[in-house]
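Engineer: Pasting a structure here, questions to come.
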Amino acid sequence: MQQTLILLKPDAVQRRLVGEVIGRFEKKGLRLVGLKLVKPSRDLAEKHYAVHKGKPFYESLLSFLTSGPTVAMVWEGREAVAACRLLMGLTDGAKSPPGTIRGDFGLSVQNNLVHGSDSTENASIEIGLWFKPEELVAFTPTDATWVG
Ligand code: DAT
Ligand code: MG
């Protein structure tokens with residue numbers, strides 16, 4: 001079963017959208033296997049966004065992610081990586097369709113509320129950055145045979 005790392009970035013926490021956004025992942029049928037509130041260090045933010053090092057928005061992105069509490073989560077389910085990216089929408093909130101998290105709640109490119117891993121390989125790396133193995137709780141939901 002696939003797992004993916006989802007972050008509710010500082011804008012989602014500051015704007016009190018945590019419950020709303022978590023509800024969307026829950027209602028989709030994904031299951032929560034890890035959850036914590038973190039104020040990311042510069043070191044963690046650099047590792048998380050290493051692929052963007054050198055880009056013009058890199059420094060601003062790091063200050064944004066380290067600016068306040070972030071909710072870090074691991075969600076699991078069939079095709080979890082792609083399913084979560086579809087729930088999130090496009091990177092740019094202004095161009096993201098209504099019905100998606102970014103499309104419904106933002107206009108910004110940088111302050112786009114949510115991060116989701118973009119491949120199973122990156123999901124595994126990112127989960128390792130944000131969580132210790134013992135912080136993930138495996139369980140079989142009672143409705144597993146219905147949800148898929
Ligand atoms: P995504 O978060 O949709 O995977 P990404 O990995 O390309 O997007 O970029 C990581 C984050 O960096 C993104 O969520 C917001 C920010 N970002 C991307 N492109 C940007 C740009 N042109 N200007 C400002 N911030 C940008
Ligand atoms: Mg990305």
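Labeling convention for the structure tokens: chains A, B, ... as they appear, residues from 1 per chain, ligands from 1 in order of appearance.
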Give the residue list for ligand 1 at 10 Å, counting only C-alpha atoms and all ligand atoms, as number ranges by chain, sorted by chain and then by residue number.

Structural biologist: A: 7, 9, 48-49, 51-52, 55-62, 64-65, 85, 88-93, 102, 108-118

Engineer: What lies within 12 Å of A:Ile6 using only C-alpha atoms, ignoring chain neighbours under 3 positions off, as a ChimeraX atom specification?

Structural biologist: /A:3,9,18,21-22,25,30,32-36,48,70-76,80-85,87-88,113-118,122-124,126-127,130-131

Engineer: Report, in Å to a single decimal, how far apart atom CA of A:Glu79 and atom CA of A:Pro133 are.

Structural biologist: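 Distance reported for this atom pair: 21.1 Å.
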
Engineer: Among the residues of stretch 16-137 of chain A, find those DSSP assigns to strand (DSSP E) from the backbone and print them as a count of residues only.

Structural biologist: 19

Engineer: I'd like the interatomic distance between atom CA of A:Ser63 and atom CA of A:Arg42, to a tenth of an Å.

Structural biologist: 8.1 Å

Engineer: What does the structure give for the distance between atom CA of A:Pro141 and atom CA of A:Gly77, in Å to one decimal?

Structural biologist: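 Going from atom CA of A:Pro141 over to atom CA of A:Gly77, I get 10.8 Å.
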
Engineer: Which one is closest to A:Ala144: A:Met1, A:Leu44, A:Val38, A:Ile125? Count only C-alpha atoms.

Structural biologist: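 Smallest distance to A:Ala144 is found for A:Met1.
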
Engineer: As a ChimeraX atom specification, please: every residue in stretch 26-88 of chain A that DSSP puts in helix (DSSP H, G or I).

Structural biologist: /A:26-28,42-48,50-52,58-65,80-88
